Structures are given as C-alpha cells and as structure tokens.
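Text of coords_36.pdb (PDB, C-alpha atoms and all ligand atoms) as supplied:
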ATOM      1  CA  MET V   1      98.692 133.010 122.947
ATOM      2  CA  VAL V   2      99.959 131.043 119.946
ATOM      3  CA  THR V   3      98.227 127.664 119.908
ATOM      4  CA  GLY V   4      99.166 124.931 117.481
ATOM      5  CA  ARG V   5      98.013 121.358 117.193
ATOM      6  CA  PHE V   6      98.815 117.822 116.218
ATOM      7  CA  ALA V   7      95.811 116.330 114.413
ATOM      8  CA  PRO V   8      96.804 112.786 113.461
ATOM      9  CA  SER V   9      94.414 110.129 112.163
ATOM     10  CA  PRO V  10      94.939 106.822 113.960
ATOM     11  CA  SER V  11      94.402 104.680 110.876
ATOM     12  CA  GLY V  12      97.831 103.050 110.899
ATOM     13  CA  ARG V  13     101.254 103.327 112.442
ATOM     14  CA  ILE V  14     102.672 106.853 111.951
ATOM     15  CA  HIS V  15     105.484 107.215 109.427
ATOM     16  CA  ILE V  16     108.296 109.689 108.986
ATOM     17  CA  GLY V  17     106.143 112.068 106.913
ATOM     18  CA  ASN V  18     103.759 112.478 109.878
ATOM     19  CA  ILE V  19     106.692 112.974 112.233
ATOM     20  CA  PHE V  20     108.264 115.502 109.892
ATOM     21  CA  SER V  21     105.173 117.750 109.949
ATOM     22  CA  SER V  22     104.611 117.154 113.677
ATOM     23  CA  LEU V  23     108.210 118.196 114.382
ATOM     24  CA  LEU V  24     107.769 121.451 112.438
ATOM     25  CA  ALA V  25     104.392 122.124 114.129
ATOM     26  CA  TRP V  26     106.002 121.567 117.531
ATOM     27  CA  LEU V  27     109.065 123.716 116.794
ATOM     28  CA  SER V  28     107.068 126.620 115.420
ATOM     29  CA  VAL V  29     104.895 126.738 118.538
ATOM     30  CA  ARG V  30     107.705 126.154 121.047
ATOM     31  CA  LYS V  31     109.812 128.868 119.411
ATOM     32  CA  GLN V  32     106.977 131.341 120.034
ATOM     33  CA  GLY V  33     106.398 130.111 123.596
ATOM     34  CA  GLY V  34     102.948 128.825 122.665
ATOM     35  CA  ARG V  35     100.860 125.750 123.449
ATOM     36  CA  ILE V  36     100.051 122.574 121.549
ATOM     37  CA  VAL V  37      96.821 120.635 121.512
ATOM     38  CA  LEU V  38      96.643 116.991 120.470
ATOM     39  CA  ARG V  39      93.400 116.045 118.741
ATOM     40  CA  VAL V  40      92.751 112.521 117.535
ATOM     41  CA  GLU V  41      91.091 112.661 114.106
ATOM     42  CA  ASP V  42      89.233 109.376 114.265
ATOM     43  CA  LEU V  43      86.143 110.361 112.259
ATOM     44  CA  ASP V  44      86.628 107.450 109.902
ATOM     45  CA  THR V  45      85.499 104.808 112.372
ATOM     46  CA  ALA V  46      86.002 102.006 109.854
ATOM     47  CA  ARG V  47      89.753 102.663 109.640
ATOM     48  CA  CYS V  48      90.725 104.262 112.951
ATOM     49  CA  THR V  49      91.385 102.277 116.127
ATOM     50  CA  ASP V  50      92.022 103.094 119.775
ATOM     51  CA  ALA V  51      95.151 100.998 119.648
ATOM     52  CA  TYR V  52      96.637 103.162 116.888
ATOM     53  CA  ALA V  53      95.584 106.286 118.798
ATOM     54  CA  ARG V  54      97.396 105.106 121.943
ATOM     55  CA  GLN V  55     100.394 104.056 119.911
ATOM     56  CA  LEU V  56     100.762 107.404 118.170
ATOM     57  CA  GLN V  57     100.658 109.215 121.508
ATOM     58  CA  ASP V  58     103.391 106.923 122.757
ATOM     59  CA  ASP V  59     105.426 107.578 119.593
ATOM     60  CA  LEU V  60     105.126 111.366 119.899
ATOM     61  CA  LEU V  61     106.184 111.282 123.563
ATOM     62  CA  TRP V  62     109.062 108.928 122.790
ATOM     63  CA  LEU V  63     110.280 111.524 120.267
ATOM     64  CA  GLY V  64     109.943 114.341 122.824
ATOM     65  CA  LEU V  65     107.079 115.972 120.881
ATOM     66  CA  THR V  66     104.954 116.877 123.883
ATOM     67  CA  TRP V  67     101.535 118.527 123.991
ATOM     68  CA  ASP V  68      99.949 120.783 126.590
ATOM     69  CA  GLU V  69      96.336 119.841 126.110
ATOM     70  CA  GLY V  70      94.630 116.664 124.906
ATOM     71  CA  PRO V  71      94.606 112.962 125.703
ATOM     72  CA  LEU V  72      96.629 111.963 128.800
ATOM     73  CA  VAL V  73      97.005 115.588 129.967
ATOM     74  CA  GLY V  74      93.416 116.893 129.755
ATOM     75  CA  GLY V  75      92.351 120.507 129.237
ATOM     76  CA  ASP V  76      89.364 122.800 128.821
ATOM     77  CA  HIS V  77      88.414 121.977 125.229
ATOM     78  CA  GLY V  78      87.761 118.242 125.261
ATOM     79  CA  PRO V  79      86.786 115.696 124.268
ATOM     80  CA  TYR V  80      89.919 115.420 122.149
ATOM     81  CA  GLU V  81      88.681 112.592 119.906
ATOM     82  CA  GLN V  82      86.608 113.624 116.900
ATOM     83  CA  SER V  83      84.479 110.499 117.272
ATOM     84  CA  LYS V  84      83.096 112.069 120.476
ATOM     85  CA  ARG V  85      82.394 115.513 119.025
ATOM     86  CA  ALA V  86      79.559 114.778 116.600
ATOM     87  CA  ALA V  87      77.136 117.096 118.436
ATOM     88  CA  LEU V  88      79.324 120.085 117.583
ATOM     89  CA  TYR V  89      79.539 119.156 113.890
ATOM     90  CA  LYS V  90      75.797 118.581 113.802
ATOM     91  CA  SER V  91      75.124 122.004 115.223
ATOM     92  CA  ALA V  92      77.436 123.687 112.672
ATOM     93  CA  LEU V  93      75.723 121.783 109.861
ATOM     94  CA  GLU V  94      72.348 122.856 111.229
ATOM     95  CA  THR V  95      73.452 126.515 111.256
ATOM     96  CA  LEU V  96      74.455 126.305 107.604
ATOM     97  CA  ARG V  97      71.344 124.357 106.631
ATOM     98  CA  ALA V  98      69.062 126.900 108.318
ATOM     99  CA  ARG V  99      70.605 129.588 106.118
ATOM    100  CA  GLY V 100      69.917 127.633 102.943
ATOM    101  CA  LEU V 101      73.623 127.055 102.340
ATOM    102  CA  THR V 102      73.452 123.266 102.112
ATOM    103  CA  TYR V 103      71.445 120.755 100.128
ATOM    104  CA  PRO V 104      70.875 117.016 100.282
ATOM    105  CA  CYS V 105      72.851 115.005  97.745
ATOM    106  CA  PHE V 106      71.911 111.499  96.652
ATOM    107  CA  CYS V 107      74.791 110.830  94.246
ATOM    108  CA  THR V 108      76.616 107.555  94.775
ATOM    109  CA  ARG V 109      80.362 107.265  94.376
ATOM    110  CA  ALA V 110      79.837 105.288  91.190
ATOM    111  CA  GLU V 111      77.612 108.031  89.752
ATOM    112  CA  LEU V 112      80.195 110.640  90.610
ATOM    113  CA  ARG V 113      82.942 108.601  88.967
ATOM    114  CA  ALA V 114      80.828 108.181  85.846
ATOM    115  CA  ALA V 115      80.012 111.906  85.572
ATOM    116  CA  SER V 116      82.557 113.565  83.313
ATOM    117  CA  ALA V 117      83.502 116.115  85.927
ATOM    118  CA  PRO V 118      86.883 117.837  85.693
ATOM    119  CA  HIS V 119      89.605 116.546  87.993
ATOM    120  CA  ARG V 120      91.342 118.707  90.526
ATOM    121  CA  SER V 121      95.098 118.728  90.962
ATOM    122  CA  ASP V 122      94.661 116.598  94.109
ATOM    123  CA  GLY V 123      92.860 113.889  92.144
ATOM    124  CA  GLN V 124      89.375 114.665  93.465
ATOM    125  CA  THR V 125      86.623 115.578  91.042
ATOM    126  CA  VAL V 126      84.754 118.857  90.857
ATOM    127  CA  TYR V 127      81.163 118.103  91.897
ATOM    128  CA  PRO V 128      79.002 118.726  88.805
ATOM    129  CA  GLY V 129      76.033 120.030  90.815
ATOM    130  CA  THR V 130      73.697 117.122  90.026
ATOM    131  CA  CYS V 131      71.586 117.520  93.189
ATOM    132  CA  ARG V 132      71.950 121.301  93.584
ATOM    133  CA  ASN V 133      68.516 122.275  92.364
ATOM    134  CA  LEU V 134      66.279 119.331  93.210
ATOM    135  CA  THR V 135      62.722 120.262  94.084
ATOM    136  CA  ALA V 136      61.266 119.341  97.480
ATOM    137  CA  ALA V 137      59.238 116.620  95.752
ATOM    138  CA  GLN V 138      62.348 115.158  94.087
ATOM    139  CA  VAL V 139      64.187 115.176  97.424
ATOM    140  CA  ALA V 140      61.319 113.392  99.136
ATOM    141  CA  GLU V 141      61.138 110.831  96.340
ATOM    142  CA  ARG V 142      64.874 110.033  96.424
ATOM    143  CA  ALA V 143      65.043 109.983 100.201
ATOM    144  CA  ARG V 144      62.753 106.969 100.101
ATOM    145  CA  THR V 145      65.491 104.759  98.684
ATOM    146  CA  ARG V 146      68.677 106.325  99.991
ATOM    147  CA  PRO V 147      69.621 108.666 102.832
ATOM    148  CA  PRO V 148      71.288 111.822 101.506
ATOM    149  CA  GLY V 149      74.662 113.355 102.252
ATOM    150  CA  TYR V 150      74.793 117.140 102.644
ATOM    151  CA  ARG V 151      76.806 119.495 100.461
ATOM    152  CA  LEU V 152      77.728 123.131 100.884
ATOM    153  CA  ARG V 153      76.796 125.507  98.062
ATOM    154  CA  VAL V 154      79.993 127.304  97.084
ATOM    155  CA  PRO V 155      80.170 130.665  95.359
ATOM    156  CA  ASP V 156      81.860 131.569  92.076
ATOM    157  CA  GLU V 157      84.524 133.356  94.046
ATOM    158  CA  GLU V 158      88.264 133.154  94.421
ATOM    159  CA  ILE V 159      89.424 132.371  97.946
ATOM    160  CA  ILE V 160      93.002 133.342  98.723
ATOM    161  CA  VAL V 161      94.941 131.557 101.452
ATOM    162  CA  GLN V 162      97.970 133.512 102.703
ATOM    163  CA  ASP V 163     100.038 130.538 103.732
ATOM    164  CA  GLY V 164     102.740 131.400 106.249
ATOM    165  CA  HIS V 165     105.219 129.131 104.488
ATOM    166  CA  MET V 166     104.022 128.578 100.916
ATOM    167  CA  GLY V 167     102.784 132.115 100.187
ATOM    168  CA  ALA V 168      99.486 132.897  98.472
ATOM    169  CA  TYR V 169      97.359 129.969  97.266
ATOM    170  CA  ARG V 170      94.111 130.661  95.420
ATOM    171  CA  GLU V 171      91.173 128.631  94.321
ATOM    172  CA  ASN V 172      87.858 129.559  92.763
ATOM    173  CA  LEU V 173      85.512 127.371  94.767
ATOM    174  CA  ALA V 174      82.840 126.941  92.096
ATOM    175  CA  ARG V 175      85.281 126.241  89.266
ATOM    176  CA  ASP V 176      88.095 124.375  91.050
ATOM    177  CA  CYS V 177      86.243 122.549  93.789
ATOM    178  CA  GLY V 178      82.466 122.516  93.450
ATOM    179  CA  ASP V 179      79.900 122.083  96.199
ATOM    180  CA  PHE V 180      81.592 119.855  98.767
ATOM    181  CA  LEU V 181      80.336 117.307 101.280
ATOM    182  CA  LEU V 182      79.849 118.290 104.914
ATOM    183  CA  CYS V 183      78.206 115.033 105.923
ATOM    184  CA  ARG V 184      78.178 111.697 104.136
ATOM    185  CA  SER V 185      75.071 109.658 103.440
ATOM    186  CA  ASP V 186      76.067 107.218 106.206
ATOM    187  CA  GLY V 187      76.005 110.096 108.699
ATOM    188  CA  LEU V 188      79.780 110.519 109.066
ATOM    189  CA  PHE V 189      80.775 114.180 109.144
ATOM    190  CA  ALA V 190      83.328 115.262 106.594
ATOM    191  CA  TYR V 191      86.878 116.170 107.539
ATOM    192  CA  GLN V 192      86.450 119.709 106.105
ATOM    193  CA  LEU V 193      83.645 120.566 108.506
ATOM    194  CA  ALA V 194      85.052 118.777 111.560
ATOM    195  CA  VAL V 195      88.511 120.310 111.278
ATOM    196  CA  VAL V 196      87.128 123.856 111.117
ATOM    197  CA  VAL V 197      84.698 123.352 113.997
ATOM    198  CA  ASP V 198      87.417 121.773 116.140
ATOM    199  CA  ASP V 199      90.273 124.146 115.364
ATOM    200  CA  ALA V 200      87.980 127.078 116.165
ATOM    201  CA  ALA V 201      86.562 125.483 119.347
ATOM    202  CA  MET V 202      90.075 124.624 120.531
ATOM    203  CA  GLN V 203      91.239 128.196 119.786
ATOM    204  CA  ILE V 204      93.969 127.059 117.410
ATOM    205  CA  THR V 205      95.888 130.017 115.955
ATOM    206  CA  GLU V 206      98.314 128.154 113.689
ATOM    207  CA  VAL V 207      97.935 124.997 111.654
ATOM    208  CA  VAL V 208     101.111 123.288 110.454
ATOM    209  CA  ARG V 209     100.485 120.243 108.249
ATOM    210  CA  GLY V 210     101.521 118.506 105.038
ATOM    211  CA  SER V 211     101.074 120.336 101.754
ATOM    212  CA  ASP V 212      98.729 117.569 100.552
ATOM    213  CA  LEU V 213      96.143 119.550 102.538
ATOM    214  CA  LEU V 214      96.928 122.949 100.983
ATOM    215  CA  SER V 215      94.079 122.438  98.509
ATOM    216  CA  SER V 216      91.689 121.973 101.454
ATOM    217  CA  ALA V 217      92.577 125.331 102.973
ATOM    218  CA  PRO V 218      90.316 127.480 100.694
ATOM    219  CA  ARG V 219      87.290 125.332 101.579
ATOM    220  CA  GLN V 220      88.169 125.610 105.239
ATOM    221  CA  LEU V 221      88.670 129.398 105.080
ATOM    222  CA  TYR V 222      85.275 129.704 103.436
ATOM    223  CA  LEU V 223      83.674 127.662 106.232
ATOM    224  CA  TYR V 224      85.351 129.864 108.856
ATOM    225  CA  ARG V 225      83.792 132.850 107.157
ATOM    226  CA  LEU V 226      80.299 131.341 106.946
ATOM    227  CA  LEU V 227      80.384 130.236 110.583
ATOM    228  CA  GLY V 228      81.739 133.617 111.757
ATOM    229  CA  LEU V 229      84.864 132.000 113.253
ATOM    230  CA  ALA V 230      88.447 133.328 113.365
ATOM    231  CA  PRO V 231      90.719 131.295 111.038
ATOM    232  CA  PRO V 232      94.240 130.204 112.025
ATOM    233  CA  ILE V 233      97.380 130.959 110.020
ATOM    234  CA  PHE V 234      98.214 127.968 107.835
ATOM    235  CA  TYR V 235     101.764 126.694 107.319
ATOM    236  CA  HIS V 236     101.847 123.893 104.783
ATOM    237  CA  VAL V 237     105.068 121.910 104.775
ATOM    238  CA  PRO V 238     106.669 119.887 101.991
ATOM    239  CA  LEU V 239     105.924 116.189 101.665
ATOM    240  CA  LEU V 240     108.602 113.542 101.985
ATOM    241  CA  LEU V 241     109.015 111.457  98.856
ATOM    242  CA  ALA V 242     110.595 108.060  98.254
ATOM    243  CA  SER V 243     113.646 108.063  95.971
ATOM    244  CA  ASP V 244     111.421 107.245  92.976
ATOM    245  CA  GLY V 245     109.402 110.424  93.636
ATOM    246  CA  ARG V 246     106.445 108.589  95.161
ATOM    247  CA  ARG V 247     104.814 110.084  98.231
ATOM    248  CA  LEU V 248     105.653 108.184 101.423
ATOM    249  CA  SER V 249     102.629 106.743 103.100
ATOM    250  CA  LYS V 250     101.530 104.424 105.849
ATOM    251  CA  ARG V 251     102.198 101.570 103.434
ATOM    252  CA  ASP V 252     105.949 102.184 103.456
ATOM    253  CA  ARG V 253     106.410  99.785 106.309
ATOM    254  CA  ASP V 254     110.127 100.207 106.710
ATOM    255  CA  LEU V 255     109.669 103.929 107.415
ATOM    256  CA  ASN V 256     106.988 103.578 110.041
ATOM    257  CA  LEU V 257     107.733 103.886 113.718
ATOM    258  CA  THR V 258     107.379 100.205 114.555
ATOM    259  CA  VAL V 259     110.418  99.492 112.447
ATOM    260  CA  LEU V 260     112.314 102.722 113.120
ATOM    261  CA  ARG V 261     111.976 102.449 116.902
ATOM    262  CA  LYS V 262     113.708  99.075 116.768
ATOM    263  CA  THR V 263     116.621 100.527 114.850
ATOM    264  CA  TYR V 264     117.244 104.050 116.143
ATOM    265  CA  PRO V 265     117.004 106.148 119.287
ATOM    266  CA  PRO V 266     114.625 109.145 118.972
ATOM    267  CA  GLU V 267     117.452 111.681 118.569
ATOM    268  CA  ALA V 268     118.766 109.811 115.532
ATOM    269  CA  ILE V 269     115.385 109.986 113.768
ATOM    270  CA  LEU V 270     114.949 113.658 114.659
ATOM    271  CA  GLY V 271     118.481 114.509 113.468
ATOM    272  CA  LYS V 272     117.785 113.026 110.039
ATOM    273  CA  LEU V 273     114.406 114.733 109.725
ATOM    274  CA  ALA V 274     115.735 118.089 110.946
ATOM    275  CA  TYR V 275     118.508 117.848 108.367
ATOM    276  CA  LEU V 276     115.921 117.238 105.616
ATOM    277  CA  ALA V 277     113.965 120.228 106.970
ATOM    278  CA  GLY V 278     117.015 122.468 106.565
ATOM    279  CA  ILE V 279     117.133 123.294 110.282
ATOM    280  CA  HIS V 280     120.080 121.108 111.331
ATOM    281  CA  PRO V 281     123.478 121.274 109.606
ATOM    282  CA  THR V 282     124.100 117.494 109.569
ATOM    283  CA  THR V 283     122.187 114.261 110.037
ATOM    284  CA  GLU V 284     123.722 113.871 113.509
ATOM    285  CA  PRO V 285     121.346 112.993 116.365
ATOM    286  CA  VAL V 286     119.641 115.904 118.094
ATOM    287  CA  ARG V 287     116.921 116.372 120.715
ATOM    288  CA  ALA V 288     113.748 118.183 119.655
ATOM    289  CA  ALA V 289     114.229 120.761 122.428
ATOM    290  CA  ASP V 290     117.726 121.607 121.144
ATOM    291  CA  LEU V 291     116.280 122.607 117.754
ATOM    292  CA  VAL V 292     113.989 125.266 119.228
ATOM    293  CA  PRO V 293     116.350 128.250 119.678
ATOM    294  CA  ALA V 294     117.543 128.363 116.053
ATOM    295  CA  PHE V 295     114.262 127.300 114.416
ATOM    296  CA  ASP V 296     113.448 129.500 111.428
ATOM    297  CA  TRP V 297     110.749 128.879 108.809
ATOM    298  CA  ALA V 298     112.988 130.566 106.210
ATOM    299  CA  ALA V 299     115.335 127.550 106.281
ATOM    300  CA  VAL V 300     112.573 125.024 105.509
ATOM    301  CA  PRO V 301     112.187 124.114 101.817
ATOM    302  CA  THR V 302     108.882 124.729 100.075
ATOM    303  CA  ARG V 303     109.309 121.939  97.515
ATOM    304  CA  ASP V 304     108.725 118.292  98.322
ATOM    305  CA  ILE V 305     111.797 116.502  99.665
ATOM    306  CA  ILE V 306     113.249 113.227  98.424
ATOM    307  CA  VAL V 307     114.431 111.033 101.283
ATOM    308  CA  PRO V 308     117.758 109.516 100.199
ATOM    309  CA  GLU V 309     117.630 105.731 100.210
ATOM    310  CA  ASP V 310     120.553 105.389 102.611
ATOM    311  CA  LEU V 311     119.260 107.912 105.170
ATOM    312  CA  PHE V 312     117.248 105.423 107.244
TER     313      PHE V 312
HETATM  314  N1  LIG B   1      93.947 114.212 110.280
HETATM  315  C1  LIG B   1      94.619 114.661 109.106
HETATM  316  C2  LIG B   1      95.698 113.680 108.722
HETATM  317  O1  LIG B   1      96.182 112.927 109.556
HETATM  318  C3  LIG B   1      95.262 116.021 109.285
HETATM  319  C4  LIG B   1      94.268 117.101 109.258
HETATM  320  C5  LIG B   1      94.830 118.501 109.419
HETATM  321  O2  LIG B   1      95.992 118.655 109.847
HETATM  322  O3  LIG B   1      94.098 119.437 109.125
HETATM  323  O4  LIG B   1      96.085 113.647 107.577
END
As structure tokens, please, write out the structure in this file.
Ligand code: GLU
Amino acid sequence: MVTGRFAPSPSGRIHIGNIFSSLLAWLSVRKQGGRIVLRVEDLDTARCTDAYARQLQDDLLWLGLTWDEGPLVGGDHGPYEQSKRAALYKSALETLRARGLTYPCFCTRAELRAASAPHRSDGQTVYPGTCRNLTAAQVAERARTRPPGYRLRVPDEEIIVQDGHMGAYRENLARDCGDFLLCRSDGLFAYQLAVVVDDAAMQITEVVRGSDLLSSAPRQLYLYRLLGLAPPIFYHVPLLLASDGRRLSKRDRDLNLTVLRKTYPPEAILGKLAYLAGIHPTTEPVRAADLVPAFDWAAVPTRDIIVPEDLF
C-alpha cells in the first residue's frame, strides 16, 4: 500500500509553500489509492506550539487535504507528535552508539562558526571533525563542563538519491556534509534521525516535500541503511519564490493562511497553486478531489517557481 505523509512543523502559521507541497503529497497518494499519515514535527519545543499544531490541522481540512491516520483520526502508529516519540529516537541512537558509529561532540555553535569549514550549498557548514578522535580521557574531561551532542561518523562515500521527481542527486557524505548531529547537547534529537525513525515506523513509502530538503536525503538514506530500514521514494518539489526571487517563508505574512482564509475560499487558493504546479490549465477555483484523476508528476516543474505578485 502506498503511504505518504504530511510532516509539518507547527512553528508558525502555514504559508502557501507548505500548502503547495502538501497538495502535491496528497494528490500523488490519492492518485495511487494510497493512505496519508499526518505527523506533527514539533521536536523544536522552543518554537513549536499546540495552538499552531491545531491550527494547521484545521487549515489542511479546510482545504480538503485529508489524512487517514494521525491526530483527530487515530491509527496504529501513534503517537503522531514527535515530542512524544523520544524513546524511539533514543533507542535508534543507542543502536548506532553501540556499534561505534557515533561520538560525543562538545563544539559550540560559536566554535563551529569560527572554524574555517567549507560551506554547503544549503548554507550549512561541513563539520571539520574536531571531536571525532577524542580519547576517553578527553571526553571525560570535557563532559565536566558541558554535556555533549552526538554525531554520526560518515564514510567517504557517495550516496545517490534516485528522486522520483528531480532525478539522481548525489553527495559524498564525508566531503559534502561531514559527521552530522543526531542529538544536540541540550538533549533534543535532530530532525535527520527523528524523520528516518518515524517514516520507517509509520511505514511511509513515499515522501513528498520541498526541495530545500533534497540535500538532507543522502543523510537520511544512509541512516536507513545503518538502521536496516526500508527507505521511501523521495519526491522533492520546487519551492515557491517571491517575485524578487526570495524564498517564501512563514515571515511572508500576507501569504499565510490567516490572511488568505479571510480573502479566498479554499478552491480559489487550490486553483492558483494547482496552476503554478502545472496540473490545472487556469487559475480558476478547483477542489482538491477534482485534481486527482488527471494528476501527473510529469506536468510539475522541477525548477523553483516565482509566484506572480498579482496572483494572490
Ligand atoms: N518538518 C519539516 C518541515 O516542516 C518537513 C520534514 C520532512 O518533510 O521531511 O519543514
């Protein structure tokens, strides 16, 4: 059974970029007669709130983007909030640690910024390996002043992601990424670990999400391999850009759902987004369900999409 998911982070009101990828995730699954799970990615407890989580569920339902398993409807793979799943992440981390694949890291953000590490295309830095070979005595010494985070040792190996929409994407983990964090020094588990543990536990077979996460896919595929789990097929979708080429974000207040819901009915928003996605001939209003029969990934652009200023 094809199983897709919505995996929003409730750290603000959702905006049209989130809806755009949710619409494509929903259509791809519905077209194949599959199921959708909603998982609330609220790992970042400092930024995520229950109110935003409830609001985004209300927004998705208002748009007709329904789910078959998750909050409000229940299911066999709960809890559906990452903040309640720490035991699973801990056990995965323990598995990797027992095999000598992780190490404690004491670097602060400031130290990492100061290290002249190369920058990745997504703006992150390649971890220079500062704490990779600390002795047990050095670890004990440093642990007295600061709790460590935990990093995964990555190999000098190219990982190839066969993206269902974008084609092949490759990254050499050692050169392009470096050993990456699985757990932060404050005990919060990293997105990369949590998303793999959860997608596998929830038996997700396809992941449709914004192409800002394409560069995370090699790390995630590698974790699937280490944990002996079956990876999903990834479909990364183009990002929506403002007319000046800037990526739309939660800060673009006029394009978030609070504002849009006051101005348009759901079909009007979906019509505009479906037109941008190449799956609707005009910007005329349309219901999500009416887009299912003709949905075809081949029509969806692979390059980022500028949202014309007069569209919304
Ligand atoms: N929670 C992430 C976000 O809202 C998405 C993670 C994923 O789809 O893998 O950006």
How big is the axis-aligned box, and where does its centre sit, when it encloses all atoms of range 156-163 of chain V listed in the file and has 3 Å added on every side, reported in Å to one decimal as AutoDock Vina command-line options?
--center_x 90.9 --center_y 132.0 --center_z 97.9 --size_x 24.2 --size_y 9.0 --size_z 17.7
Surroundings of ligand LIG 1 (chain B) up to 10 Å, based on all atoms listed in the file, as number ranges by chain: V: 5-11, 14, 18, 21-22, 39-44, 82, 191-192, 194-196, 198-199, 207-214, 216-217, 220, 234, 236
Which residue of V:Ile204, V:Ala53, V:Leu101, V:Leu241 approaches Val29 in chain V most closely, using all atoms listed in the file: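 Of V:Ile204, V:Ala53, V:Leu101, V:Leu241, the one nearest Val29 in chain V, counting all atoms listed in the file, is V:Ile204.
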Proximity to Ala87 in chain V - best of V:Trp67, V:Tyr103, V:Phe189, V:Tyr150, only C-alpha atoms: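 Of V:Trp67, V:Tyr103, V:Phe189, V:Tyr150, the one nearest Ala87 in chain V is V:Phe189, counting only C-alpha atoms.
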Expand the PyMOL selection byres (((chain V and resi 171-182) around 6) and not hetatm) into the explicit residue set it covers here, and present it as a short mmCIF file (atom, residue, chain, number, x, y, z; two decimals) with C-alpha atoms, in the frame of the given file.
data_model
loop_
_atom_site.label_atom_id
_atom_site.label_comp_id
_atom_site.auth_asym_id
_atom_site.auth_seq_id
_atom_site.Cartn_x
_atom_site.Cartn_y
_atom_site.Cartn_z
CA VAL V 126 84.75 118.86 90.86
CA TYR V 127 81.16 118.10 91.90
CA TYR V 150 74.79 117.14 102.64
CA ARG V 151 76.81 119.50 100.46
CA LEU V 152 77.73 123.13 100.88
CA ARG V 153 76.80 125.51 98.06
CA VAL V 154 79.99 127.30 97.08
CA PRO V 155 80.17 130.66 95.36
CA ASP V 156 81.86 131.57 92.08
CA GLU V 157 84.52 133.36 94.05
CA GLU V 158 88.26 133.15 94.42
CA ILE V 159 89.42 132.37 97.95
CA ARG V 170 94.11 130.66 95.42
CA CYS V 183 78.21 115.03 105.92
CA PHE V 189 80.78 114.18 109.14
CA ALA V 190 83.33 115.26 106.59
CA LEU V 193 83.64 120.57 108.51
#
Just add N, CA, C and O atoms to range 97-113 of chain V and send it as a CSV table (one decimal), keeping the file's coordinate frame.
chain,number,residue,atom,x,y,z
V,97,ARG,N,72.6,124.8,107.3
V,97,ARG,CA,71.3,124.4,106.6
V,97,ARG,C,70.2,125.4,106.8
V,97,ARG,O,69.5,125.7,105.9
V,98,ALA,N,70.1,125.9,108.0
V,98,ALA,CA,69.1,126.9,108.3
V,98,ALA,C,69.2,128.1,107.4
V,98,ALA,O,68.2,128.8,107.2
V,99,ARG,N,70.4,128.4,107.0
V,99,ARG,CA,70.6,129.6,106.1
V,99,ARG,C,70.5,129.2,104.6
V,99,ARG,O,70.9,130.0,103.8
V,100,GLY,N,70.1,128.0,104.4
V,100,GLY,CA,69.9,127.6,102.9
V,100,GLY,C,71.2,127.4,102.2
V,100,GLY,O,71.3,127.4,101.0
V,101,LEU,N,72.3,127.2,103.0
V,101,LEU,CA,73.6,127.1,102.3
V,101,LEU,C,74.0,125.6,102.0
V,101,LEU,O,75.0,125.4,101.4
V,102,THR,N,73.2,124.7,102.4
V,102,THR,CA,73.5,123.3,102.1
V,102,THR,C,72.3,122.7,101.3
V,102,THR,O,71.2,123.2,101.3
V,103,TYR,N,72.5,121.5,100.8
V,103,TYR,CA,71.4,120.8,100.1
V,103,TYR,C,71.7,119.3,100.2
V,103,TYR,O,72.9,118.9,100.3
V,104,PRO,N,70.7,118.5,100.2
V,104,PRO,CA,70.9,117.0,100.3
V,104,PRO,C,71.4,116.5,98.9
V,104,PRO,O,70.9,117.0,97.9
V,105,CYS,N,72.3,115.6,99.0
V,105,CYS,CA,72.9,115.0,97.7
V,105,CYS,C,72.7,113.5,97.8
V,105,CYS,O,73.1,112.8,98.8
V,106,PHE,N,72.2,112.9,96.7
V,106,PHE,CA,71.9,111.5,96.7
V,106,PHE,C,72.9,110.8,95.7
V,106,PHE,O,72.7,109.6,95.5
V,107,CYS,N,73.9,111.5,95.2
V,107,CYS,CA,74.8,110.8,94.2
V,107,CYS,C,75.6,109.7,94.9
V,107,CYS,O,76.1,109.9,96.1
V,108,THR,N,75.7,108.6,94.2
V,108,THR,CA,76.6,107.6,94.8
V,108,THR,C,78.0,107.8,94.2
V,108,THR,O,78.2,108.6,93.3
V,109,ARG,N,79.0,107.1,94.9
V,109,ARG,CA,80.4,107.3,94.4
V,109,ARG,C,80.5,106.9,92.9
V,109,ARG,O,81.2,107.5,92.1
V,110,ALA,N,79.8,105.8,92.6
V,110,ALA,CA,79.8,105.3,91.2
V,110,ALA,C,79.3,106.3,90.2
V,110,ALA,O,79.9,106.6,89.2
V,111,GLU,N,78.2,107.0,90.6
V,111,GLU,CA,77.6,108.0,89.8
V,111,GLU,C,78.6,109.2,89.6
V,111,GLU,O,78.7,109.8,88.5
V,112,LEU,N,79.3,109.5,90.7
V,112,LEU,CA,80.2,110.6,90.6
V,112,LEU,C,81.4,110.3,89.7
V,112,LEU,O,81.9,111.1,89.0
V,113,ARG,N,81.8,109.0,89.8
V,113,ARG,CA,82.9,108.6,89.0
V,113,ARG,C,82.5,108.6,87.5
V,113,ARG,O,83.3,109.0,86.6
